[in-house]
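Engineer: Provided herewith: input_23.txt, compact mmCIF, C-alpha atoms and all ligand atoms.
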# COMPACT_ATOMS: atom_id res chain seq x y z
CA MET A 14 105.13 25.65 -57.45
CA THR A 15 108.80 24.77 -57.82
CA HIS A 16 111.33 23.24 -55.46
CA GLN A 17 114.91 24.43 -54.92
CA VAL A 18 117.13 21.49 -54.04
CA ARG A 19 120.81 20.56 -53.98
CA ALA A 20 122.02 18.30 -56.79
CA VAL A 21 125.15 16.97 -58.51
CA VAL A 22 125.65 18.51 -61.95
CA ALA A 23 128.19 17.79 -64.70
CA ARG A 24 128.63 21.12 -66.50
CA GLY A 25 131.08 20.18 -69.23
CA LYS A 26 133.11 17.39 -70.79
CA GLY A 27 135.54 15.88 -68.29
CA ALA A 28 135.07 18.67 -65.73
CA PRO A 29 134.64 17.58 -62.10
CA VAL A 30 131.01 17.50 -61.01
CA SER A 31 129.67 20.30 -58.84
CA LEU A 32 127.05 20.54 -56.13
CA GLU A 33 124.46 23.05 -57.32
CA THR A 34 121.04 24.38 -56.49
CA ILE A 35 118.51 23.28 -59.08
CA ILE A 36 114.86 24.04 -59.69
CA VAL A 37 112.46 21.10 -59.83
CA PRO A 38 108.88 21.80 -60.99
CA ASP A 39 105.79 20.28 -59.43
CA PRO A 40 104.70 17.14 -61.27
CA GLY A 41 102.58 17.63 -64.37
CA PRO A 42 100.26 15.03 -65.91
CA GLY A 43 101.76 11.54 -65.64
CA GLU A 44 104.71 12.74 -63.57
CA ALA A 45 105.89 12.13 -60.00
CA LEU A 46 108.10 14.21 -57.72
CA VAL A 47 110.34 11.90 -55.68
CA LYS A 48 112.25 12.76 -52.54
CA ILE A 49 115.46 10.80 -53.03
CA GLU A 50 116.78 8.77 -50.07
CA ALA A 51 119.70 6.96 -51.75
CA CYS A 52 121.41 6.81 -55.13
CA GLY A 53 124.28 4.53 -56.17
CA VAL A 54 127.26 5.73 -58.20
CA CYS A 55 127.45 3.88 -61.53
CA HIS A 56 129.96 3.83 -64.41
CA THR A 57 127.32 5.36 -66.65
CA ASP A 58 127.31 8.56 -64.53
CA LEU A 59 131.04 8.91 -65.07
CA HIS A 60 130.51 8.16 -68.75
CA TYR A 61 128.04 11.07 -68.96
CA ARG A 62 130.49 13.39 -67.21
CA GLU A 63 133.21 12.41 -69.68
CA GLY A 64 130.98 13.21 -72.65
CA GLY A 65 130.93 9.56 -73.71
CA ILE A 66 127.14 9.42 -74.09
CA ASN A 67 126.28 12.74 -75.72
CA ASP A 68 127.05 16.45 -75.48
CA ASP A 69 123.80 17.60 -73.87
CA PHE A 70 125.55 19.27 -70.91
CA PRO A 71 124.73 20.21 -68.19
CA PHE A 72 123.74 16.76 -66.93
CA LEU A 73 121.96 16.04 -63.68
CA LEU A 74 123.69 12.79 -62.71
CA GLY A 75 122.53 9.74 -60.73
CA HIS A 76 120.15 6.97 -61.77
CA GLU A 77 120.32 4.05 -59.26
CA ALA A 78 117.89 5.39 -56.73
CA ALA A 79 115.16 4.82 -54.20
CA GLY A 80 113.02 7.40 -52.47
CA VAL A 81 109.57 8.45 -51.39
CA VAL A 82 106.94 9.91 -53.71
CA GLU A 83 106.21 13.46 -52.52
CA SER A 84 103.48 14.37 -55.00
CA VAL A 85 102.02 13.15 -58.27
CA GLY A 86 100.52 14.91 -61.28
CA GLU A 87 97.17 14.56 -62.95
CA GLY A 88 96.12 11.08 -64.02
CA VAL A 89 98.67 9.20 -61.93
CA THR A 90 97.07 6.19 -60.26
CA ASP A 91 99.85 3.58 -59.93
CA VAL A 92 101.82 5.44 -57.25
CA ALA A 93 100.73 7.85 -54.54
CA PRO A 94 102.43 10.31 -52.16
CA GLY A 95 104.19 8.41 -49.39
CA ASP A 96 105.00 5.35 -51.50
CA PHE A 97 108.56 4.05 -51.17
CA VAL A 98 109.76 3.49 -54.73
CA ILE A 99 112.74 2.32 -56.77
CA LEU A 100 113.30 4.38 -59.92
CA ASN A 101 113.97 2.72 -63.25
CA TRP A 102 115.37 4.17 -66.44
CA ARG A 103 113.24 2.14 -68.76
CA ALA A 104 109.53 2.58 -68.11
CA VAL A 105 107.92 0.59 -70.92
CA CYS A 106 105.25 2.11 -73.17
CA GLY A 107 103.02 -0.94 -73.66
CA ASN A 108 102.30 0.10 -77.23
CA CYS A 109 105.37 -0.33 -79.41
CA ARG A 110 106.16 -3.42 -81.46
CA ALA A 111 108.43 -4.90 -78.74
CA CYS A 112 105.78 -4.38 -76.05
CA ARG A 113 102.99 -5.81 -78.21
CA ARG A 114 105.07 -8.85 -79.05
CA GLY A 115 105.61 -9.61 -75.37
CA ARG A 116 109.22 -8.45 -75.16
CA PRO A 117 108.80 -5.18 -73.30
CA TRP A 118 112.41 -5.30 -72.10
CA TYR A 119 113.24 -4.23 -75.68
CA CYS A 120 110.91 -1.22 -75.50
CA PHE A 121 112.76 1.88 -76.63
CA SER A 122 109.78 4.25 -76.49
CA THR A 123 110.57 4.94 -72.89
CA HIS A 124 108.66 7.33 -70.69
CA ASN A 125 110.47 10.17 -68.91
CA ALA A 126 109.19 13.37 -67.30
CA LYS A 127 108.08 15.94 -69.92
CA GLN A 128 108.89 19.03 -67.84
CA LYS A 129 112.50 20.14 -67.47
CA MET A 130 114.49 20.65 -64.30
CA THR A 131 116.80 23.68 -64.54
CA LEU A 132 119.73 25.48 -62.97
CA THR A 133 118.77 28.66 -61.09
CA ASP A 134 119.56 30.74 -64.24
CA GLY A 135 116.97 28.73 -66.18
CA THR A 136 119.43 26.50 -68.08
CA GLU A 137 117.71 23.17 -68.76
CA LEU A 138 119.30 20.07 -67.25
CA ALA A 139 119.57 16.72 -69.01
CA PRO A 140 118.90 14.04 -66.36
CA ALA A 141 121.13 10.94 -66.65
CA LEU A 142 119.11 8.07 -68.14
CA GLY A 143 116.00 10.21 -67.73
CA ILE A 144 116.31 10.15 -63.92
CA GLY A 145 118.83 12.54 -62.34
CA ALA A 146 118.78 11.30 -58.75
CA PHE A 147 121.93 12.76 -57.20
CA ALA A 148 119.48 15.34 -55.94
CA GLU A 149 117.32 15.90 -52.90
CA LYS A 150 114.27 15.66 -55.18
CA THR A 151 113.82 14.69 -58.80
CA LEU A 152 111.02 14.68 -61.34
CA VAL A 153 110.29 11.48 -63.27
CA ALA A 154 107.48 9.86 -65.23
CA ALA A 155 105.22 8.02 -62.78
CA GLY A 156 105.89 4.81 -64.75
CA GLN A 157 109.53 5.06 -63.68
CA CYS A 158 108.50 4.46 -60.05
CA THR A 159 107.99 0.95 -58.70
CA LYS A 160 106.55 0.67 -55.21
CA VAL A 161 108.39 -1.76 -52.92
CA ASP A 162 108.27 -2.72 -49.23
CA ARG A 163 109.09 0.34 -47.12
CA THR A 164 111.14 -1.63 -44.61
CA ALA A 165 114.00 -2.19 -47.10
CA SER A 166 117.08 0.01 -46.70
CA ALA A 167 117.06 2.77 -49.32
CA ALA A 168 120.76 2.26 -50.11
CA ALA A 169 120.19 -1.41 -50.91
CA ALA A 170 116.91 -0.86 -52.73
CA GLY A 171 118.28 1.84 -55.03
CA LEU A 172 120.89 -0.53 -56.41
CA LEU A 173 118.16 -2.57 -58.05
CA GLY A 174 117.54 0.46 -60.26
CA CYS A 175 120.56 -0.32 -62.44
CA GLY A 176 123.71 -2.41 -62.04
CA VAL A 177 122.54 -5.00 -59.54
CA MET A 178 119.34 -5.61 -61.49
CA ALA A 179 121.41 -5.93 -64.67
CA GLY A 180 123.50 -8.68 -63.06
CA ILE A 181 120.71 -10.58 -61.32
CA GLY A 182 118.57 -10.33 -64.46
CA ALA A 183 121.43 -11.59 -66.65
CA ALA A 184 121.27 -14.81 -64.62
CA ILE A 185 117.58 -15.26 -63.91
CA ASN A 186 115.98 -13.60 -66.96
CA THR A 187 118.42 -13.74 -69.88
CA GLY A 188 120.45 -16.80 -68.90
CA ASN A 189 117.46 -18.60 -67.48
CA VAL A 190 119.80 -20.31 -65.00
CA GLY A 191 118.11 -23.40 -63.64
CA ARG A 192 118.35 -25.72 -60.66
CA GLY A 193 121.58 -27.74 -60.78
CA ASP A 194 123.22 -25.65 -63.51
CA SER A 195 126.88 -24.77 -63.56
CA VAL A 196 127.46 -21.05 -64.09
CA ALA A 197 130.66 -19.12 -64.75
CA VAL A 198 130.70 -15.36 -64.24
CA ILE A 199 133.56 -13.49 -65.91
CA GLY A 200 134.12 -10.11 -64.23
CA CYS A 201 132.95 -9.72 -60.64
CA GLY A 202 132.34 -5.99 -60.25
CA GLY A 203 128.90 -4.82 -59.17
CA VAL A 204 127.22 -6.41 -62.18
CA GLY A 205 129.10 -9.73 -62.11
CA ALA A 206 128.71 -10.06 -58.34
CA ALA A 207 124.97 -9.58 -58.81
CA ALA A 208 124.98 -12.27 -61.50
CA ILE A 209 126.53 -14.60 -58.91
CA ALA A 210 123.81 -13.78 -56.38
CA GLY A 211 121.18 -14.26 -59.12
CA SER A 212 122.60 -17.64 -60.11
CA ASN A 213 122.31 -18.77 -56.51
CA LEU A 214 118.71 -17.57 -56.29
CA ALA A 215 117.99 -19.64 -59.39
CA GLY A 216 119.42 -22.79 -57.77
CA ALA A 217 122.73 -23.16 -59.60
CA ALA A 218 124.81 -26.04 -58.25
CA LYS A 219 128.16 -24.52 -59.17
CA VAL A 220 129.00 -20.85 -59.52
CA ILE A 221 132.52 -20.08 -60.76
CA ALA A 222 133.69 -16.50 -60.32
CA VAL A 223 136.44 -15.20 -62.62
CA ASP A 224 138.25 -11.89 -62.15
CA ILE A 225 141.76 -10.45 -62.29
CA ASP A 226 141.37 -8.72 -58.91
CA ASP A 227 141.49 -10.85 -55.74
CA ARG A 228 139.41 -8.28 -53.84
CA LYS A 229 136.53 -8.92 -56.24
CA LEU A 230 136.92 -12.67 -55.83
CA ASP A 231 136.60 -12.28 -52.04
CA THR A 232 133.26 -10.51 -52.47
CA ALA A 233 132.23 -13.09 -55.04
CA ARG A 234 132.71 -15.80 -52.43
CA LYS A 235 130.59 -13.83 -49.94
CA LEU A 236 127.81 -13.65 -52.51
CA GLY A 237 127.85 -17.40 -53.04
CA ALA A 238 130.54 -18.24 -55.60
CA THR A 239 131.49 -21.89 -55.05
CA HIS A 240 134.80 -21.54 -56.94
CA THR A 241 137.02 -18.61 -57.84
CA VAL A 242 139.58 -18.19 -60.61
CA ASN A 243 142.06 -15.34 -60.83
CA SER A 244 142.52 -15.15 -64.60
CA LYS A 245 145.50 -12.81 -64.38
CA ASP A 246 147.85 -15.77 -64.39
CA THR A 247 145.49 -18.67 -65.21
CA ASP A 248 143.69 -19.51 -68.46
CA ALA A 249 140.06 -18.77 -67.59
CA VAL A 250 138.63 -21.19 -70.19
CA GLU A 251 140.82 -24.07 -69.07
CA ALA A 252 140.03 -23.41 -65.42
CA ILE A 253 136.27 -23.32 -66.04
CA ARG A 254 136.43 -26.54 -68.07
CA GLU A 255 138.43 -28.25 -65.33
CA LEU A 256 135.88 -27.22 -62.71
CA THR A 257 133.01 -28.57 -64.83
CA GLY A 258 134.27 -32.06 -65.54
CA GLY A 259 135.92 -30.99 -68.78
CA PHE A 260 132.70 -29.71 -70.37
CA GLY A 261 132.37 -25.99 -69.73
CA ALA A 262 129.59 -24.22 -67.88
CA ASP A 263 125.89 -24.48 -68.72
CA VAL A 264 125.66 -20.70 -68.55
CA VAL A 265 128.56 -18.24 -68.87
CA ILE A 266 127.89 -14.63 -67.97
CA GLU A 267 130.30 -11.99 -69.29
CA ALA A 268 130.26 -8.85 -67.12
CA VAL A 269 133.36 -6.98 -68.28
CA GLY A 270 132.69 -5.82 -71.85
CA ARG A 271 136.03 -6.54 -73.55
CA PRO A 272 136.97 -8.67 -76.60
CA GLU A 273 139.19 -11.08 -74.64
CA THR A 274 136.53 -11.80 -72.04
CA TYR A 275 133.80 -12.11 -74.71
CA LYS A 276 136.03 -14.75 -76.30
CA GLN A 277 136.57 -16.54 -72.98
CA ALA A 278 132.83 -16.58 -72.40
CA PHE A 279 132.27 -18.02 -75.86
CA TYR A 280 134.66 -20.93 -75.32
CA ALA A 281 133.98 -21.56 -71.62
CA ARG A 282 130.43 -22.76 -72.19
CA ASP A 283 129.43 -26.36 -72.56
CA LEU A 284 128.24 -27.46 -76.02
CA ALA A 285 124.68 -26.17 -76.29
CA GLY A 286 125.29 -23.93 -73.29
CA THR A 287 124.27 -20.30 -73.07
CA VAL A 288 126.51 -17.23 -73.17
CA VAL A 289 125.04 -14.10 -71.64
CA LEU A 290 126.73 -10.83 -72.54
CA VAL A 291 125.96 -8.11 -70.00
CA GLY A 292 129.30 -6.24 -70.17
CA VAL A 293 128.97 -3.33 -72.58
CA PRO A 294 131.79 -2.97 -75.15
CA THR A 295 132.87 0.32 -76.76
CA PRO A 296 132.06 1.01 -80.43
CA GLU A 297 135.56 0.28 -81.73
CA MET A 298 135.92 -3.19 -80.11
CA LYS A 299 135.97 -6.19 -82.44
CA LEU A 300 136.20 -9.96 -82.07
CA GLU A 301 137.14 -12.49 -84.72
CA LEU A 302 135.95 -16.09 -84.34
CA PRO A 303 136.17 -19.16 -86.60
CA LEU A 304 132.67 -19.58 -88.06
CA LEU A 305 132.91 -23.31 -87.57
CA ASP A 306 133.14 -22.71 -83.81
CA VAL A 307 130.10 -20.45 -83.94
CA PHE A 308 128.18 -23.08 -85.90
CA GLY A 309 129.51 -26.20 -84.23
CA ARG A 310 129.12 -25.34 -80.56
CA GLY A 311 125.39 -24.81 -80.68
CA GLY A 312 123.64 -23.23 -77.74
CA ALA A 313 122.76 -19.60 -77.43
CA LEU A 314 124.59 -16.31 -77.52
CA LYS A 315 122.45 -13.65 -75.83
CA SER A 316 122.99 -10.09 -74.81
CA SER A 317 121.23 -8.87 -71.69
CA TRP A 318 119.71 -5.44 -71.76
CA TYR A 319 119.23 -4.05 -68.19
CA GLY A 320 118.97 -7.68 -67.11
CA ASP A 321 115.96 -8.01 -69.44
CA CYS A 322 114.04 -6.93 -66.37
CA LEU A 323 110.44 -5.90 -65.88
CA PRO A 324 110.68 -3.50 -62.95
CA SER A 325 107.08 -3.97 -61.83
CA ARG A 326 107.62 -7.74 -61.64
CA ASP A 327 111.27 -7.96 -60.57
CA PHE A 328 111.84 -5.08 -58.12
CA PRO A 329 109.17 -6.06 -55.54
CA MET A 330 110.13 -9.74 -55.81
CA LEU A 331 113.83 -9.06 -55.22
CA ILE A 332 113.08 -6.70 -52.33
CA ASP A 333 110.99 -9.44 -50.72
CA LEU A 334 113.85 -11.92 -51.12
CA TYR A 335 116.19 -9.32 -49.61
CA LEU A 336 113.91 -8.80 -46.61
CA GLN A 337 113.70 -12.56 -46.11
CA GLY A 338 117.51 -12.71 -45.98
CA ARG A 339 117.78 -14.67 -49.23
CA LEU A 340 119.45 -11.92 -51.29
CA ASP A 341 122.23 -9.92 -49.66
CA LEU A 342 121.84 -6.51 -51.30
CA ASP A 343 123.75 -4.87 -48.43
CA ALA A 344 126.89 -6.71 -49.56
CA PHE A 345 127.00 -4.48 -52.66
CA VAL A 346 127.16 -1.27 -50.64
CA THR A 347 130.88 -0.74 -50.06
CA GLU A 348 130.37 2.74 -48.59
CA THR A 349 127.68 5.33 -48.08
CA ILE A 350 128.64 8.90 -48.94
CA ALA A 351 127.23 12.43 -49.02
CA LEU A 352 126.10 14.28 -52.17
CA ASP A 353 129.31 16.29 -52.33
CA ASP A 354 131.45 13.12 -52.38
CA VAL A 355 130.38 11.90 -55.82
CA GLU A 356 133.57 13.09 -57.52
CA LYS A 357 135.71 11.17 -55.00
CA ALA A 358 133.50 8.12 -55.49
CA PHE A 359 134.19 8.27 -59.24
CA GLU A 360 137.89 8.09 -58.43
CA ARG A 361 137.44 5.04 -56.19
CA MET A 362 135.24 3.37 -58.79
CA HIS A 363 137.85 4.04 -61.45
CA HIS A 364 140.46 2.26 -59.32
CA GLY A 365 138.20 -0.72 -58.69
CA ASP A 366 138.17 -0.02 -54.93
CA VAL A 367 134.40 -0.33 -54.53
CA LEU A 368 131.52 -2.52 -55.59
CA ARG A 369 129.18 0.42 -55.09
CA SER A 370 129.41 3.79 -53.37
CA VAL A 371 125.92 4.95 -52.47
CA VAL A 372 124.88 8.54 -51.80
CA VAL A 373 122.52 8.59 -48.83
CA LEU A 374 120.42 11.71 -48.31
N1 LIG B 1 139.17 -10.64 -66.94
C1 LIG B 1 138.38 -10.79 -65.85
N2 LIG B 1 137.88 -9.75 -65.16
C2 LIG B 1 138.21 -8.52 -65.56
C3 LIG B 1 139.03 -8.28 -66.69
C4 LIG B 1 139.53 -9.42 -67.39
N3 LIG B 1 140.31 -9.30 -68.46
N4 LIG B 1 139.18 -6.95 -66.84
C5 LIG B 1 138.48 -6.37 -65.84
N5 LIG B 1 137.89 -7.31 -65.07
C6 LIG B 1 137.05 -7.15 -63.89
C7 LIG B 1 137.46 -6.00 -62.98
O1 LIG B 1 138.49 -6.39 -62.09
C8 LIG B 1 136.15 -5.71 -62.25
O2 LIG B 1 136.02 -6.49 -61.08
O3 LIG B 1 135.74 -6.82 -64.32
C9 LIG B 1 135.08 -6.14 -63.26
C10 LIG B 1 134.31 -4.97 -63.84
O4 LIG B 1 133.57 -4.44 -62.80
P1 LIG B 1 133.23 -2.92 -62.61
O5 LIG B 1 134.30 -2.09 -63.22
O6 LIG B 1 132.85 -2.72 -61.20
O7 LIG B 1 131.93 -2.72 -63.54
P2 LIG B 1 130.44 -3.16 -63.30
O8 LIG B 1 129.66 -2.04 -62.73
O9 LIG B 1 130.37 -4.48 -62.63
O10 LIG B 1 129.98 -3.32 -64.84
C11 LIG B 1 130.57 -4.31 -65.65
O11 LIG B 1 128.68 -4.52 -67.10
O12 LIG B 1 126.68 -3.41 -67.39
C12 LIG B 1 128.00 -3.50 -67.78
O13 LIG B 1 128.53 -1.26 -68.45
C13 LIG B 1 128.81 -2.27 -67.52
O14 LIG B 1 130.45 -3.00 -69.07
C14 LIG B 1 130.17 -2.84 -67.68
C15 LIG B 1 130.05 -4.22 -67.06
ZN ZN B 2 107.09 -0.22 -75.77
ZN ZN B 3 123.85 2.45 -64.00
Just give me the structure as structure tokens.
Ligand code: APR
Ligand code: ZN
Ligand code: ZN
Structural biologist:
Amino acid sequence: MTHQVRAVVARGKGAPVSLETIIVPDPGPGEALVKIEACGVCHTDLHYREGGINDDFPFLLGHEAAGVVESVGEGVTDVAPGDFVILNWRAVCGNCRACRRGRPWYCFSTHNAKQKMTLTDGTELAPALGIGAFAEKTLVAAGQCTKVDRTASAAAAGLLGCGVMAGIGAAINTGNVGRGDSVAVIGCGGVGAAAIAGSNLAGAAKVIAVDIDDRKLDTARKLGATHTVNSKDTDAVEAIRELTGGFGADVVIEAVGRPETYKQAFYARDLAGTVVLVGVPTPEMKLELPLLDVFGRGGALKSSWYGDCLPSRDFPMLIDLYLQGRLDLDAFVTETIALDDVEKAFERMHHGDVLRSVVVL
């Protein structure tokens, strides 16, 4: 059997997305059919639409999603119909070198659905990050589904599927923020704001939010930043040093992805402190640093890949903290929108007007 559902498709480079009817097959072995309840709009979706990832158009966009498993294919035992799940774009294989060496967050042998979803004329769709969740239903590998507490709001839960997990994980997994630490977060969009929330969960004593947009600093405060710095007209490194007794922060999290902010992060950390790079640069970006500074400052320079998360460990834990009122995931949802509003949401995202727009179905 197949399912005809409405979905958001990017047909060609730079062209506005369109709402289309697509055909989703019943799940085959190891696959799950998920009825999507909510899906956040992420920069990566826009990046796909602009042809910045690859040319495999048409794309089925959307990848920050939560929904209910409708049916599962042969051999699936971890999830069952009726389960409320968060989708993830990196279901680990358990077998590759990274997995065997205990670093599954570096697994690149990821599992996605084998069968293809198509347009009504049979054209195969390429789902964004192997998910494609701006759709009433999508087909994924069962390993991409993590069951969480049903009482969580779908809009909030879905955000853990990408950007918010990346930010929280940058603090709690990669940065290993500890009780009493001082943390500086450079860039307070969805990812940076989540890093602030994550630092608080980890028990940081001081959380300094840095951005060039006062609107983002307001949200940062709501999510627990103890200090804010608008670096448009202030030297971010100086300001962070001043706020940390002249030393620099124990952990600095970069959530912009630009050379100047990478450099600020590098110099804003205390000697032997940790720099966590979660902002993704473009291929042509370069940064020159005196080697003596690299050598002499000690500490650690780490990049954070999807928050170095393990979905099966981190998603249920964070949903529990959310339901206990200890993690305000709702604060990331600036607006909820309909499927046919994705193009407008891209525009708002581009202008920095939102932390997250979330499609609710
Ligand atoms: N200094 C400080 N903040 C800056 C600067 C700068 N020079 N330039 C931009 N910013 C701020 C923006 O004002 C915005 O608040 O960085 C933030 C970026 O946030 P978003 O555009 O919402 O992006 P987000 O989804 O948070 O992702 C940030 O992390 O995972 C990566 O690919 C993602 O590289 C991206 C980064
Ligand atoms: Zn693996
Ligand atoms: Zn994303």
Engineer: Can you tell me how far CA of Asp69 (chain A) sits from CA of Pro117 (chain A), in Å to one decimal?
Structural biologist: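 Result for CA of Asp69 (chain A) versus CA of Pro117 (chain A): 27.3 Å, one decimal.
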Engineer: Calculated over only C-alpha atoms, which of the candidates A:Thr123, A:Ser317, A:Ser370, A:Ser195 has the smallest distance to Ile144 (chain A)?
Structural biologist: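 Looking at the shortest contact to Ile144 (chain A), the residue is A:Thr123.
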Engineer: Please indicate the distance in Å from CA of Ile99 (chain A) to CA of Thr159 (chain A), rounded to one decimal place.
Structural biologist: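 Separating CA of Ile99 (chain A) from CA of Thr159 (chain A) is a distance of 5.3 Å.
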Engineer: Provide the CA of Pro40 (chain A) to CA of Cys52 (chain A) distance in Å, to one decimal place.
Structural biologist: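 Computing the Euclidean distance for CA of Pro40 (chain A) and CA of Cys52 (chain A) yields 20.6 Å.
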Engineer: With distances taken over only C-alpha atoms and all ligand atoms, which residue among A:Thr34, A:Thr90, A:Asn108, A:Thr131 lies nearest ligand ZN 2 (chain B)?
Structural biologist: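 Ranking A:Thr34, A:Thr90, A:Asn108, A:Thr131 by distance to ligand ZN 2 (chain B), first place goes to A:Asn108.
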Engineer: Using all atoms listed in the file, determine which residues lie at most 9 Å from Pro38 (chain A), disregarding the query and same-chain residues fewer than 5 positions distant; provide the list as a list in words.
Structural biologist: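 My reading of the contact set: Met14, Thr15, His16, Gln17, Leu46, Gln128, Lys129, Met130, Thr131, Thr151 and Leu152 of chain A.
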Engineer: Dump C-alpha atoms for the selected residues as a PDB file, in the coordinates of the input?
Structural biologist:
ATOM      1  CA  MET A  14     105.130  25.650 -57.450  1.00  0.00           C
ATOM      2  CA  THR A  15     108.800  24.770 -57.820  1.00  0.00           C
ATOM      3  CA  HIS A  16     111.330  23.240 -55.460  1.00  0.00           C
ATOM      4  CA  GLN A  17     114.910  24.430 -54.920  1.00  0.00           C
ATOM      5  CA  LEU A  46     108.100  14.210 -57.720  1.00  0.00           C
ATOM      6  CA  GLN A 128     108.890  19.030 -67.840  1.00  0.00           C
ATOM      7  CA  LYS A 129     112.500  20.140 -67.470  1.00  0.00           C
ATOM      8  CA  MET A 130     114.490  20.650 -64.300  1.00  0.00           C
ATOM      9  CA  THR A 131     116.800  23.680 -64.540  1.00  0.00           C
ATOM     10  CA  THR A 151     113.820  14.690 -58.800  1.00  0.00           C
ATOM     11  CA  LEU A 152     111.020  14.680 -61.340  1.00  0.00           C
TER      12      LEU A 152
END
